[in-house]
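Okay, data39.cif is below, mmCIF, C-alpha atoms and all ligand atoms:
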data_upload
loop_
_atom_site.label_atom_id
_atom_site.label_comp_id
_atom_site.auth_asym_id
_atom_site.auth_seq_id
_atom_site.Cartn_x
_atom_site.Cartn_y
_atom_site.Cartn_z
CA MET A 953 19.16 179.85 -168.29
CA LYS A 954 19.33 183.41 -167.05
CA VAL A 955 21.49 184.34 -164.04
CA PRO A 956 20.93 187.82 -162.62
CA PHE A 957 23.70 189.61 -160.76
CA VAL A 958 21.55 189.74 -157.61
CA ASP A 959 18.01 188.46 -156.99
CA LEU A 960 16.28 190.51 -154.29
CA LYS A 961 12.90 188.96 -155.10
CA ALA A 962 14.13 185.48 -154.15
CA GLN A 963 14.91 186.71 -150.64
CA TYR A 964 11.61 188.58 -150.33
CA ARG A 965 9.67 185.43 -151.25
CA GLU A 966 11.39 183.59 -148.39
CA ILE A 967 10.41 186.11 -145.69
CA LYS A 968 7.29 187.73 -147.14
CA PRO A 969 4.87 187.19 -144.22
CA GLU A 970 7.40 188.48 -141.63
CA ILE A 971 8.22 191.55 -143.70
CA ARG A 972 4.60 192.43 -144.39
CA SER A 973 3.65 192.25 -140.74
CA ALA A 974 6.73 194.27 -139.68
CA ILE A 975 5.92 197.05 -142.16
CA MET A 976 2.23 197.07 -141.20
CA SER A 977 3.14 197.45 -137.50
CA VAL A 978 5.08 200.62 -138.28
CA VAL A 979 2.19 201.95 -140.34
CA GLU A 980 -0.36 201.13 -137.62
CA ASP A 981 1.85 202.89 -135.05
CA CYS A 982 2.69 205.74 -137.45
CA ALA A 983 6.27 205.44 -136.15
CA PHE A 984 7.71 206.69 -139.43
CA VAL A 985 10.87 208.58 -138.46
CA GLY A 986 12.85 207.61 -135.38
CA GLY A 987 10.72 205.99 -132.66
CA LYS A 988 10.59 202.53 -131.14
CA TYR A 989 11.38 200.47 -134.25
CA VAL A 990 14.52 202.51 -134.84
CA GLU A 991 15.53 202.22 -131.17
CA GLN A 992 14.98 198.46 -131.18
CA PHE A 993 17.03 197.95 -134.33
CA GLU A 994 19.83 200.15 -132.99
CA GLN A 995 20.03 197.94 -129.90
CA ASP A 996 19.92 194.74 -131.94
CA PHE A 997 22.59 195.85 -134.39
CA ALA A 998 24.91 197.16 -131.67
CA ALA A 999 24.64 193.76 -129.94
CA PHE A 1000 25.22 191.95 -133.24
CA CYS A 1001 28.48 193.86 -133.73
CA GLY A 1002 29.51 193.64 -130.07
CA ARG A 1003 29.43 197.41 -129.62
CA ARG A 1004 27.81 199.67 -127.02
CA TYR A 1005 26.16 202.22 -129.27
CA ALA A 1006 24.49 202.21 -132.65
CA VAL A 1007 22.94 205.25 -134.33
CA GLY A 1008 20.69 204.66 -137.32
CA VAL A 1009 20.99 207.14 -140.19
CA SER A 1010 19.62 207.63 -143.68
CA SER A 1011 22.39 205.90 -145.72
CA GLY A 1012 25.87 204.46 -145.57
CA THR A 1013 27.21 207.70 -147.01
CA SER A 1014 25.59 209.69 -144.18
CA ALA A 1015 26.97 207.16 -141.71
CA LEU A 1016 30.52 207.84 -142.94
CA HIS A 1017 30.00 211.60 -143.21
CA LEU A 1018 28.45 212.09 -139.78
CA ALA A 1019 30.90 209.69 -138.11
CA LEU A 1020 33.81 211.75 -139.47
CA MET A 1021 32.17 214.97 -138.28
CA ALA A 1022 31.43 213.52 -134.83
CA MET A 1023 35.08 212.43 -134.66
CA GLU A 1024 35.88 216.12 -135.24
CA ILE A 1025 37.53 215.54 -138.58
CA GLY A 1026 37.05 218.59 -140.79
CA PRO A 1027 38.77 221.40 -142.68
CA GLY A 1028 42.56 221.10 -142.65
CA ASP A 1029 42.46 217.42 -141.67
CA GLU A 1030 43.41 214.41 -143.73
CA ILE A 1031 42.51 210.75 -143.64
CA VAL A 1032 44.21 207.75 -145.26
CA THR A 1033 42.04 205.26 -147.15
CA ALA A 1034 42.19 202.60 -149.87
CA ALA A 1035 42.66 203.48 -153.54
CA ASN A 1036 40.04 200.92 -154.60
CA THR A 1037 36.72 201.79 -153.03
CA PHE A 1038 33.30 203.15 -153.88
CA ILE A 1039 33.21 206.94 -154.25
CA ALA A 1040 30.94 207.23 -151.17
CA THR A 1041 33.96 206.65 -148.90
CA THR A 1042 35.77 209.71 -150.19
CA GLU A 1043 32.64 211.81 -150.85
CA ALA A 1044 31.98 211.60 -147.11
CA VAL A 1045 35.49 212.88 -146.34
CA THR A 1046 35.12 215.80 -148.74
CA HIS A 1047 31.66 216.63 -147.39
CA ALA A 1048 33.13 216.75 -143.88
CA GLY A 1049 35.55 219.37 -145.22
CA ALA A 1050 38.63 217.14 -144.95
CA SER A 1051 40.84 215.63 -147.64
CA PHE A 1052 41.98 212.08 -148.30
CA ASN A 1053 45.20 210.36 -149.19
CA PRO A 1054 44.59 206.96 -150.82
CA VAL A 1055 47.08 204.09 -150.55
CA ASP A 1056 47.42 201.24 -153.00
CA ILE A 1057 45.80 197.88 -152.34
CA ASP A 1058 47.21 194.44 -151.72
CA ALA A 1059 46.61 192.21 -154.76
CA ARG A 1060 45.63 189.18 -152.65
CA SER A 1061 43.06 190.72 -150.32
CA HIS A 1062 42.01 193.67 -152.54
CA ASN A 1063 42.11 195.76 -149.33
CA MET A 1064 44.44 198.60 -148.42
CA ASP A 1065 48.09 197.55 -148.26
CA ALA A 1066 48.89 198.24 -144.60
CA SER A 1067 52.61 198.48 -145.35
CA LEU A 1068 51.93 201.68 -147.33
CA ILE A 1069 49.89 203.51 -144.68
CA GLU A 1070 52.77 205.09 -142.78
CA GLY A 1071 54.13 206.60 -145.99
CA ALA A 1072 50.78 208.34 -146.53
CA ILE A 1073 50.57 209.88 -143.05
CA THR A 1074 51.31 213.61 -142.78
CA ASP A 1075 51.15 215.97 -139.81
CA ARG A 1076 47.55 216.72 -140.82
CA THR A 1077 46.39 213.09 -140.76
CA LYS A 1078 43.67 212.44 -138.16
CA ALA A 1079 42.30 209.04 -139.10
CA ILE A 1080 42.62 205.86 -141.13
CA VAL A 1081 39.51 204.71 -143.00
CA PRO A 1082 39.98 201.06 -144.00
CA VAL A 1083 37.33 199.64 -146.35
CA HIS A 1084 36.33 196.00 -145.89
CA LEU A 1085 36.01 195.55 -149.62
CA TYR A 1086 33.77 192.85 -151.10
CA GLY A 1087 32.91 191.59 -147.58
CA GLN A 1088 36.41 190.76 -146.32
CA PRO A 1089 37.87 192.78 -143.42
CA ALA A 1090 41.08 194.70 -144.00
CA ASP A 1091 44.13 193.64 -141.98
CA MET A 1092 42.95 195.46 -138.87
CA ASP A 1093 45.74 194.50 -136.45
CA ALA A 1094 48.21 196.19 -138.79
CA VAL A 1095 45.92 199.20 -139.24
CA ASN A 1096 45.31 199.61 -135.50
CA GLU A 1097 48.99 199.28 -134.66
CA ILE A 1098 49.84 202.17 -136.98
CA ALA A 1099 46.88 204.19 -135.71
CA GLU A 1100 48.04 203.76 -132.14
CA LYS A 1101 51.63 204.68 -132.96
CA HIS A 1102 50.55 207.91 -134.70
CA ASN A 1103 47.61 208.69 -132.43
CA LEU A 1104 45.00 208.37 -135.18
CA LEU A 1105 41.33 207.42 -135.09
CA VAL A 1106 40.08 204.47 -137.15
CA LEU A 1107 36.74 204.55 -138.98
CA GLU A 1108 35.82 201.25 -140.63
CA ASP A 1109 33.90 201.51 -143.89
CA ALA A 1110 32.00 198.29 -143.26
CA ALA A 1111 29.32 198.98 -145.90
CA GLN A 1112 30.02 195.65 -147.63
CA ALA A 1113 30.85 193.59 -144.56
CA GLN A 1114 27.80 193.06 -142.31
CA GLY A 1115 28.61 189.96 -140.26
CA ALA A 1116 32.18 189.50 -141.54
CA GLU A 1117 34.87 188.65 -138.99
CA TYR A 1118 38.52 189.45 -138.36
CA LYS A 1119 40.21 186.95 -136.03
CA GLY A 1120 36.81 186.04 -134.61
CA ARG A 1121 35.64 189.60 -134.06
CA ARG A 1122 32.88 191.17 -136.13
CA ALA A 1123 33.44 193.93 -138.65
CA GLY A 1124 32.20 197.04 -136.90
CA SER A 1125 34.02 196.21 -133.66
CA LEU A 1126 37.52 196.67 -135.06
CA GLY A 1127 38.14 200.43 -134.92
CA THR A 1128 37.05 203.61 -133.15
CA ALA A 1129 33.74 203.54 -135.03
CA ALA A 1130 32.27 201.83 -138.08
CA ALA A 1131 29.84 202.87 -140.79
CA PHE A 1132 27.46 200.40 -142.44
CA SER A 1133 25.21 200.80 -145.46
CA PHE A 1134 21.89 199.00 -145.77
CA TYR A 1135 21.41 199.77 -149.45
CA PRO A 1136 19.00 197.06 -150.68
CA ALA A 1137 21.67 194.94 -152.41
CA LYS A 1138 24.06 194.87 -149.43
CA ASN A 1139 24.23 191.63 -147.37
CA LEU A 1140 21.78 193.19 -144.92
CA GLY A 1141 19.60 195.39 -147.12
CA ALA A 1142 16.73 197.74 -146.32
CA TYR A 1143 13.76 198.40 -148.61
CA GLY A 1144 15.18 201.79 -149.51
CA ASP A 1145 18.24 203.72 -148.30
CA ALA A 1146 19.51 203.30 -144.73
CA GLY A 1147 22.75 203.15 -142.74
CA ILE A 1148 24.13 202.98 -139.20
CA VAL A 1149 27.21 203.86 -137.17
CA VAL A 1150 28.41 201.65 -134.32
CA THR A 1151 30.97 202.62 -131.69
CA ASP A 1152 31.88 202.21 -128.03
CA GLU A 1153 32.46 205.97 -127.66
CA LYS A 1154 29.45 207.75 -126.20
CA GLU A 1155 30.60 211.16 -127.44
CA ILE A 1156 30.78 209.96 -131.02
CA ALA A 1157 27.35 208.30 -130.81
CA ASP A 1158 25.78 211.41 -129.25
CA GLY A 1159 27.45 213.62 -131.84
CA ILE A 1160 26.02 211.62 -134.73
CA ARG A 1161 22.56 211.59 -133.18
CA LEU A 1162 22.69 215.37 -132.85
CA LEU A 1163 23.95 215.99 -136.38
CA ALA A 1164 21.54 213.53 -138.01
CA ASN A 1165 18.53 215.34 -136.51
CA HIS A 1166 19.12 219.02 -137.35
CA GLY A 1167 21.34 219.53 -134.33
CA ARG A 1168 18.26 219.31 -132.15
CA ALA A 1169 19.04 219.32 -128.42
CA GLY A 1170 16.17 219.41 -125.96
CA ALA A 1171 12.61 220.23 -126.95
CA THR A 1172 13.13 223.53 -128.74
CA GLY A 1173 16.85 224.12 -128.91
CA HIS A 1174 19.35 223.49 -131.66
CA ALA A 1175 22.91 223.18 -130.45
CA VAL A 1176 24.39 223.24 -133.95
CA GLU A 1177 23.25 223.20 -137.56
CA GLY A 1178 22.89 219.57 -138.53
CA PHE A 1179 21.34 217.55 -141.31
CA ASN A 1180 18.22 215.58 -142.00
CA ALA A 1181 19.83 212.14 -142.01
CA ARG A 1182 17.55 210.09 -139.74
CA LEU A 1183 16.64 206.43 -140.13
CA ASP A 1184 13.02 205.65 -141.10
CA GLY A 1185 10.85 203.37 -138.93
CA ILE A 1186 9.87 201.19 -141.89
CA GLN A 1187 13.51 200.61 -142.81
CA ALA A 1188 14.39 199.82 -139.19
CA ALA A 1189 11.53 197.30 -138.95
CA VAL A 1190 12.59 195.61 -142.21
CA LEU A 1191 16.21 195.47 -141.04
CA GLY A 1192 15.23 194.16 -137.61
CA THR A 1193 13.20 191.41 -139.27
CA LYS A 1194 16.09 190.44 -141.55
CA LEU A 1195 18.93 190.63 -139.00
CA PRO A 1196 18.23 187.22 -137.37
CA HIS A 1197 18.62 185.63 -140.85
CA LEU A 1198 21.89 187.37 -141.71
CA ASP A 1199 24.37 184.77 -140.45
CA GLN A 1200 22.55 182.03 -142.31
CA TRP A 1201 22.42 184.11 -145.53
CA ASN A 1202 26.12 184.90 -145.18
CA GLY A 1203 26.75 181.18 -144.69
CA ARG A 1204 25.00 180.44 -147.97
CA ARG A 1205 27.09 183.10 -149.72
CA HIS A 1206 30.19 181.43 -148.31
CA GLU A 1207 29.09 178.02 -149.59
CA ALA A 1208 28.32 179.49 -152.99
CA ALA A 1209 31.80 181.06 -153.07
CA GLU A 1210 33.42 177.71 -152.28
CA ARG A 1211 31.38 176.08 -155.02
CA TYR A 1212 32.52 178.75 -157.51
CA ASN A 1213 36.13 178.18 -156.42
CA GLN A 1214 35.78 174.50 -157.37
CA LEU A 1215 33.83 175.08 -160.57
CA LEU A 1216 36.38 177.62 -161.80
CA ALA A 1217 39.50 175.74 -160.68
CA ASP A 1218 40.52 174.66 -164.19
CA LEU A 1219 39.84 177.98 -165.90
CA ASP A 1220 42.38 180.71 -166.54
CA VAL A 1221 41.01 183.05 -163.87
CA VAL A 1222 42.11 184.11 -160.38
CA VAL A 1223 39.47 183.32 -157.76
CA PRO A 1224 39.11 185.46 -154.62
CA GLU A 1225 41.27 184.58 -151.65
CA GLU A 1226 39.90 184.36 -148.14
CA MET A 1227 42.72 185.64 -145.95
CA PRO A 1228 43.73 183.46 -142.96
CA TYR A 1229 42.52 186.12 -140.51
CA ALA A 1230 39.14 186.65 -142.16
CA LYS A 1231 35.65 185.29 -142.32
CA HIS A 1232 34.65 186.66 -145.72
CA VAL A 1233 30.92 187.27 -146.25
CA TYR A 1234 31.17 187.56 -150.06
CA HIS A 1235 29.07 190.62 -150.59
CA LEU A 1236 30.75 190.30 -153.97
CA TYR A 1237 32.52 187.33 -155.54
CA VAL A 1238 35.23 188.97 -157.62
CA ILE A 1239 37.50 187.08 -159.99
CA ARG A 1240 40.35 188.37 -162.14
CA VAL A 1241 40.28 187.56 -165.83
CA LYS A 1242 42.14 188.71 -168.95
CA ASN A 1243 40.14 190.64 -171.62
CA ARG A 1244 37.65 191.43 -168.91
CA ASP A 1245 35.39 193.80 -170.88
CA LYS A 1246 34.97 191.32 -173.71
CA VAL A 1247 34.37 188.46 -171.27
CA LYS A 1248 31.69 190.49 -169.48
CA GLU A 1249 29.98 191.28 -172.77
CA GLU A 1250 30.07 187.64 -173.93
CA LEU A 1251 28.66 186.47 -170.60
CA ALA A 1252 25.83 188.99 -170.85
CA ALA A 1253 25.07 187.61 -174.32
CA ARG A 1254 24.57 184.24 -172.55
CA GLU A 1255 22.34 185.95 -169.95
CA VAL A 1256 24.94 185.80 -167.20
CA TYR A 1257 25.04 189.29 -165.67
CA CYS A 1258 28.21 190.49 -163.95
CA GLY A 1259 29.29 193.74 -162.28
CA LEU A 1260 32.46 195.84 -161.92
CA HIS A 1261 33.58 197.04 -158.47
CA TYR A 1262 35.04 199.32 -159.53
CA ALA A 1263 35.69 199.88 -163.22
CA VAL A 1264 37.69 203.10 -162.74
CA PRO A 1265 39.83 203.67 -159.64
CA LEU A 1266 39.11 206.83 -157.64
CA HIS A 1267 42.19 208.76 -158.76
CA LEU A 1268 41.26 208.35 -162.43
CA LEU A 1269 37.63 209.48 -162.07
CA ASP A 1270 36.66 212.85 -163.55
CA ALA A 1271 35.39 213.74 -160.06
CA TYR A 1272 38.98 213.57 -158.75
CA LYS A 1273 40.96 215.32 -161.47
CA ARG A 1274 41.97 217.76 -158.72
CA LEU A 1275 44.00 215.04 -156.99
CA ASN A 1276 46.49 215.26 -159.85
CA LYS A 1277 47.31 211.58 -159.62
CA PRO A 1278 48.05 210.39 -163.15
CA LYS A 1279 47.85 206.83 -164.41
CA GLY A 1280 50.61 204.84 -162.73
CA SER A 1281 50.09 206.42 -159.31
CA TYR A 1282 48.50 203.26 -157.86
CA PRO A 1283 49.92 200.40 -159.93
CA VAL A 1284 48.34 197.47 -158.06
CA THR A 1285 44.89 199.06 -158.01
CA GLU A 1286 45.19 199.93 -161.70
CA GLU A 1287 46.27 196.44 -162.70
CA VAL A 1288 43.71 194.66 -160.54
CA THR A 1289 40.79 196.88 -161.52
CA SER A 1290 41.48 196.28 -165.22
CA GLU A 1291 40.85 192.55 -164.65
CA ILE A 1292 38.18 192.32 -161.94
CA LEU A 1293 34.77 190.86 -162.68
CA SER A 1294 32.04 190.40 -160.06
CA LEU A 1295 30.10 187.19 -160.80
CA PRO A 1296 26.44 186.71 -159.83
CA MET A 1297 26.31 186.26 -156.04
CA PHE A 1298 23.34 186.14 -153.66
CA PRO A 1299 22.36 183.69 -150.89
CA GLU A 1300 19.67 182.01 -153.00
CA ILE A 1301 21.85 181.34 -156.07
CA SER A 1302 21.34 177.68 -157.07
CA GLU A 1303 23.94 175.08 -157.90
CA ASP A 1304 22.54 174.92 -161.43
CA GLN A 1305 22.88 178.67 -161.84
CA GLN A 1306 26.49 178.54 -160.64
CA LYS A 1307 27.28 175.64 -162.99
CA TYR A 1308 25.79 177.61 -165.86
CA VAL A 1309 27.93 180.65 -164.94
CA ALA A 1310 31.09 178.48 -164.83
CA ASP A 1311 30.24 176.63 -168.07
CA SER A 1312 29.48 179.90 -169.84
CA LEU A 1313 32.74 181.42 -168.62
CA GLY A 1314 34.66 178.33 -169.80
CA GLU A 1315 33.04 178.57 -173.21
CA VAL A 1316 33.80 182.29 -173.51
CA LEU A 1317 37.45 181.85 -172.53
CA GLU A 1318 37.92 178.97 -174.96
CA LYS A 1319 36.43 181.00 -177.80
CA MET A 1320 38.82 183.87 -177.11
CA ASP A 1321 42.02 181.82 -177.21
C1 LIG B 1 27.48 200.97 -150.47
C2 LIG B 1 28.73 201.58 -150.01
C3 LIG B 1 28.78 202.84 -149.37
C4 LIG B 1 27.63 203.79 -149.34
O1 LIG B 1 26.46 203.36 -148.86
P1 LIG B 1 25.05 204.03 -149.28
O2 LIG B 1 24.11 203.40 -148.32
O3 LIG B 1 24.80 203.66 -150.70
O4 LIG B 1 25.15 205.49 -149.09
C5 LIG B 1 29.99 203.27 -148.85
N1 LIG B 1 31.10 202.54 -148.96
C6 LIG B 1 31.12 201.35 -149.60
C7 LIG B 1 32.40 200.59 -149.68
C8 LIG B 1 29.94 200.85 -150.16
O5 LIG B 1 29.97 199.67 -150.81
#
Just dump the structure as structure tokens.
Ligand SMILES: *Cc1c(COP(=O)(O)O)cnc(C)c1O
Amino acid sequence: MKVPFVDLKAQYREIKPEIRSAIMSVVEDCAFVGGKYVEQFEQDFAAFCGRRYAVGVSSGTSALHLALMAMEIGPGDEIVTAANTFIATTEAVTHAGASFNPVDIDARSHNMDASLIEGAITDRTKAIVPVHLYGQPADMDAVNEIAEKHNLLVLEDAAQAQGAEYKGRRAGSLGTAAAFSFYPAKNLGAYGDAGIVVTDEKEIADGIRLLANHGRAGATGHAVEGFNARLDGIQAAVLGTKLPHLDQWNGRRHEAAERYNQLLADLDVVVPEEMPYAKHVYHLYVIRVKNRDKVKEELAAREVYCGLHYAVPLHLLDAYKRLNKPKGSYPVTEEVTSEILSLPMFPEISEDQQKYVADSLGEVLEKMD
């Protein structure tokens, strides 16, 4: 048996007629950039998150970047974020002209350790950027309490958490604004690059709309220099077609995660923990295992394909040598990231595939003893 890490074709097969007709409508209308399909999806996604405004953009990275700019975070400003995240989170901060101060993560949730945030705040700090890593919201009550006390904005990096919940409220409705990615492999994926920002603040929404479209204001005027970071009509139509399925797909991911938890119960691995406050949507199902690199290699030899999210923590990447944070700076992140392994996870994964993953992992671990 072969178990891919994700299987985008399985999902396409399930919704093929809907997708084809949605794409053809955009083509017939030639509504390629902006236009009614984008507007409709913005309304639908804002409602899904329980927010007033949504502004579609070209990627999750643009969503973060333009949200920071529209929140007037720039040169001289700092934000606090998690030490274990994808580089896009911090790229966006740098591209806005600001700098970032990572805090270590909590070993149970893999999200930023809220008890460390206050220690990372300086008089230049303007915002906290929690990342809902792997599809589980960060501890947002704790984050918001600190933000309020220090008068900071909160930008959720919800790229991995479409549909996740914190105490019954959706990811995206938990801070000042939230950025989502619709990269094809995300829980809600486009057929190319796409992203969105949701917020209740009209000024932030208007600011992003302006920046994403060359600063265009009125028919001929440009209020500022902006970017070309608009959402395509075809992507919006694909996303709008998929959105009504998202809760059901997330439900299947959740069931698959529970099945993995049972199948792996007797193995010497740590399975992911769903925090009491969270509804986890398992964008990734991440275990901890000793001799991780060897285990990953042995699983691949059995045609079980795993991922690493992320193999090297931000502060140890070549891209961030300038941070001057040597090994040992973020001990929990460093320990956890040396053991993490993302197992195959997608809504259509079958029970047989999951059993094969668990059996293969059992065999590999036994061989290594
Ligand atoms: C995917 C992702 C992004 C970036 O999204 P793109 O659409 O690829 O630009 C940002 N942050 C996190 C945590 C992500 O997983």
Which residue out of A:Gly1115, A:Gly1203, A:Gly1192, A:Gly1087 has the minimum interatomic distance to ligand LIG 1 (chain B) when all atoms listed in the file are used?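 Smallest separation from ligand LIG 1 (chain B) among the options: A:Gly1087.
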Minimum-distance residue to ligand LIG 1 (chain B), chosen among A:Gly1008, A:Gly1147, A:Gly1124, A:Pro956 (using only C-alpha atoms and all ligand atoms):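 Comparing A:Gly1008, A:Gly1147, A:Gly1124, A:Pro956 against ligand LIG 1 (chain B), the winner is A:Gly1147.
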Taking only C-alpha atoms into account, which of A:Ala1094, A:Val958, A:Val1045, A:Ile971 comes nearest A:Met1064? A:Ala1094
Kindly compile the residues surrounding ligand LIG 1 (chain B) within 8 Å, counting all atoms listed in the file, and format them as a list of chain:residue names.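 So, counting all atoms listed in the file, the residues near ligand LIG 1 (chain B) are A:Ser1010, A:Ser1011, A:Gly1012, A:Thr1013, A:Ser1014, A:Ala1015, A:Leu1016, A:Thr1037, A:Phe1038, A:Ile1039, A:Ala1040, A:Thr1041, A:Val1083, A:His1084, A:Leu1085, A:Tyr1086, A:Asp1109, A:Ala1110, A:Ala1111, A:Gln1112, A:Phe1132, A:Ser1133, A:Phe1134, A:Tyr1135, A:Lys1138, A:Asp1145, A:Ala1146, A:Gly1147.
For the pair atom CA of A:Arg1240 and atom CA of A:Val1221, the separation is 5.6 Å.
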Residues within 8 Å of A:Thr1077, all atoms listed in the file, excluding chain neighbours under 2 positions, as JSON, numbers by chain: {"A": [1029, 1030, 1031, 1032, 1073, 1074, 1075, 1079, 1104]}
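With distances taken over all atoms listed in the file, A:Pro1089 is the one residue among A:Pro1089, A:Gly1173, A:Gly1127, A:Gly1178 lying closest to A:Tyr1234.
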Considering only C-alpha atoms, can you say which of A:Leu1219, A:Ala1188, A:Ala998, A:Ala1271 comes closest to A:Ala1310?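 Using only C-alpha atoms, A:Ala1310 sits closest to A:Leu1219.
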List the neighbours of A:Pro1027 out to 8 Å using all atoms listed in the file; skip same-chain residues closer than 6 positions along the sequence, and give me the result as a short mmCIF file (atom, residue, chain, number, x, y, z; two decimals) with C-alpha atoms, keeping the file's coordinate frame.
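Full text of out.cif as output:
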data_model
loop_
_atom_site.label_atom_id
_atom_site.label_comp_id
_atom_site.auth_asym_id
_atom_site.auth_seq_id
_atom_site.Cartn_x
_atom_site.Cartn_y
_atom_site.Cartn_z
CA ALA A 1048 33.13 216.75 -143.88
CA GLY A 1049 35.55 219.37 -145.22
CA ALA A 1050 38.63 217.14 -144.95
CA SER A 1051 40.84 215.63 -147.64
#
My list of candidates is A:Glu1043, A:His1174, A:Glu1155, A:Asn1096. Which is closest to A:Ala1066 when distances are computed with only C-alpha atoms? A:Asn1096
Counting all atoms listed in the file, find residues at most 12 Å from (37.6, 199.0, -163.7) (file frame) and give them as a ChimeraX atom specification. /A:1036-1038,1238,1240-1241,1243-1245,1248,1259-1269,1285-1294
Report the closest atom pair, with its distance in Å rounded to one decimal, for each residue of stretch 1273-1319 of chain A that has an atom no farther than 9 Å from stretch 1054-1058 of chain A; count all atoms listed in the file, sort by chain and then rising residue number, and write it as a Markdown table.
| residue | atom | partner | partner_atom | distance |
| --- | --- | --- | --- | --- |
| A:Ser1281 | CA | A:Asp1056 | CA | 8.6 |
| A:Tyr1282 | CA | A:Asp1056 | CA | 5.4 |
| A:Pro1283 | CA | A:Asp1056 | CA | 7.4 |
| A:Val1284 | CA | A:Ile1057 | CA | 6.3 |
| A:Thr1285 | CA | A:Ile1057 | CA | 5.9 |
Since the input has fewer atoms than a full residue there, write stretch 1163-1168 of chain A out with all heavy atoms, as a PDB file, keeping the file's coordinate frame.
ATOM      1  N   LEU A1163      23.787 215.502-135.008  1.00  0.00           N
ATOM      2  CA  LEU A1163      23.950 215.990-136.380  1.00  0.00           C
ATOM      3  C   LEU A1163      22.889 215.426-137.327  1.00  0.00           C
ATOM      4  O   LEU A1163      22.439 216.116-138.242  1.00  0.00           O
ATOM      5  CB  LEU A1163      25.340 215.592-136.911  1.00  0.00           C
ATOM      6  CG  LEU A1163      26.522 216.344-136.304  1.00  0.00           C
ATOM      7  CD1 LEU A1163      27.837 215.661-136.676  1.00  0.00           C
ATOM      8  CD2 LEU A1163      26.519 217.805-136.780  1.00  0.00           C
ATOM      9  N   ALA A1164      22.483 214.173-137.103  1.00  0.00           N
ATOM     10  CA  ALA A1164      21.540 213.530-138.010  1.00  0.00           C
ATOM     11  C   ALA A1164      20.132 214.106-137.881  1.00  0.00           C
ATOM     12  O   ALA A1164      19.283 213.902-138.737  1.00  0.00           O
ATOM     13  CB  ALA A1164      21.503 212.024-137.764  1.00  0.00           C
ATOM     14  N   ASN A1165      19.878 214.828-136.786  1.00  0.00           N
ATOM     15  CA  ASN A1165      18.530 215.340-136.510  1.00  0.00           C
ATOM     16  C   ASN A1165      18.558 216.858-136.332  1.00  0.00           C
ATOM     17  O   ASN A1165      18.092 217.387-135.332  1.00  0.00           O
ATOM     18  CB  ASN A1165      17.971 214.628-135.263  1.00  0.00           C
ATOM     19  CG  ASN A1165      16.501 214.922-135.043  1.00  0.00           C
ATOM     20  OD1 ASN A1165      15.764 215.216-135.989  1.00  0.00           O
ATOM     21  ND2 ASN A1165      16.070 214.855-133.789  1.00  0.00           N
ATOM     22  N   HIS A1166      19.127 217.553-137.334  1.00  0.00           N
ATOM     23  CA  HIS A1166      19.120 219.020-137.350  1.00  0.00           C
ATOM     24  C   HIS A1166      19.784 219.659-136.145  1.00  0.00           C
ATOM     25  O   HIS A1166      19.452 220.790-135.799  1.00  0.00           O
ATOM     26  CB  HIS A1166      17.678 219.548-137.449  1.00  0.00           C
ATOM     27  CG  HIS A1166      16.967 219.121-138.697  1.00  0.00           C
ATOM     28  ND1 HIS A1166      17.302 219.602-139.944  1.00  0.00           N
ATOM     29  CD2 HIS A1166      15.947 218.245-138.876  1.00  0.00           C
ATOM     30  CE1 HIS A1166      16.489 219.049-140.845  1.00  0.00           C
ATOM     31  NE2 HIS A1166      15.675 218.221-140.236  1.00  0.00           N
ATOM     32  N   GLY A1167      20.677 218.945-135.494  1.00  0.00           N
ATOM     33  CA  GLY A1167      21.340 219.530-134.330  1.00  0.00           C
ATOM     34  C   GLY A1167      20.420 219.762-133.153  1.00  0.00           C
ATOM     35  O   GLY A1167      20.749 220.524-132.232  1.00  0.00           O
ATOM     36  N   ARG A1168      19.269 219.072-133.179  1.00  0.00           N
ATOM     37  CA  ARG A1168      18.260 219.310-132.150  1.00  0.00           C
ATOM     38  C   ARG A1168      18.722 218.809-130.779  1.00  0.00           C
ATOM     39  O   ARG A1168      19.098 217.653-130.635  1.00  0.00           O
ATOM     40  CB  ARG A1168      16.951 218.621-132.520  1.00  0.00           C
ATOM     41  CG  ARG A1168      15.768 219.038-131.661  1.00  0.00           C
ATOM     42  CD  ARG A1168      14.528 218.214-131.996  1.00  0.00           C
ATOM     43  NE  ARG A1168      14.117 218.350-133.390  1.00  0.00           N
ATOM     44  CZ  ARG A1168      13.324 219.334-133.845  1.00  0.00           C
ATOM     45  NH1 ARG A1168      12.863 220.242-133.020  1.00  0.00           N
ATOM     46  NH2 ARG A1168      12.995 219.391-135.109  1.00  0.00           N
TER      47      ARG A1168
END
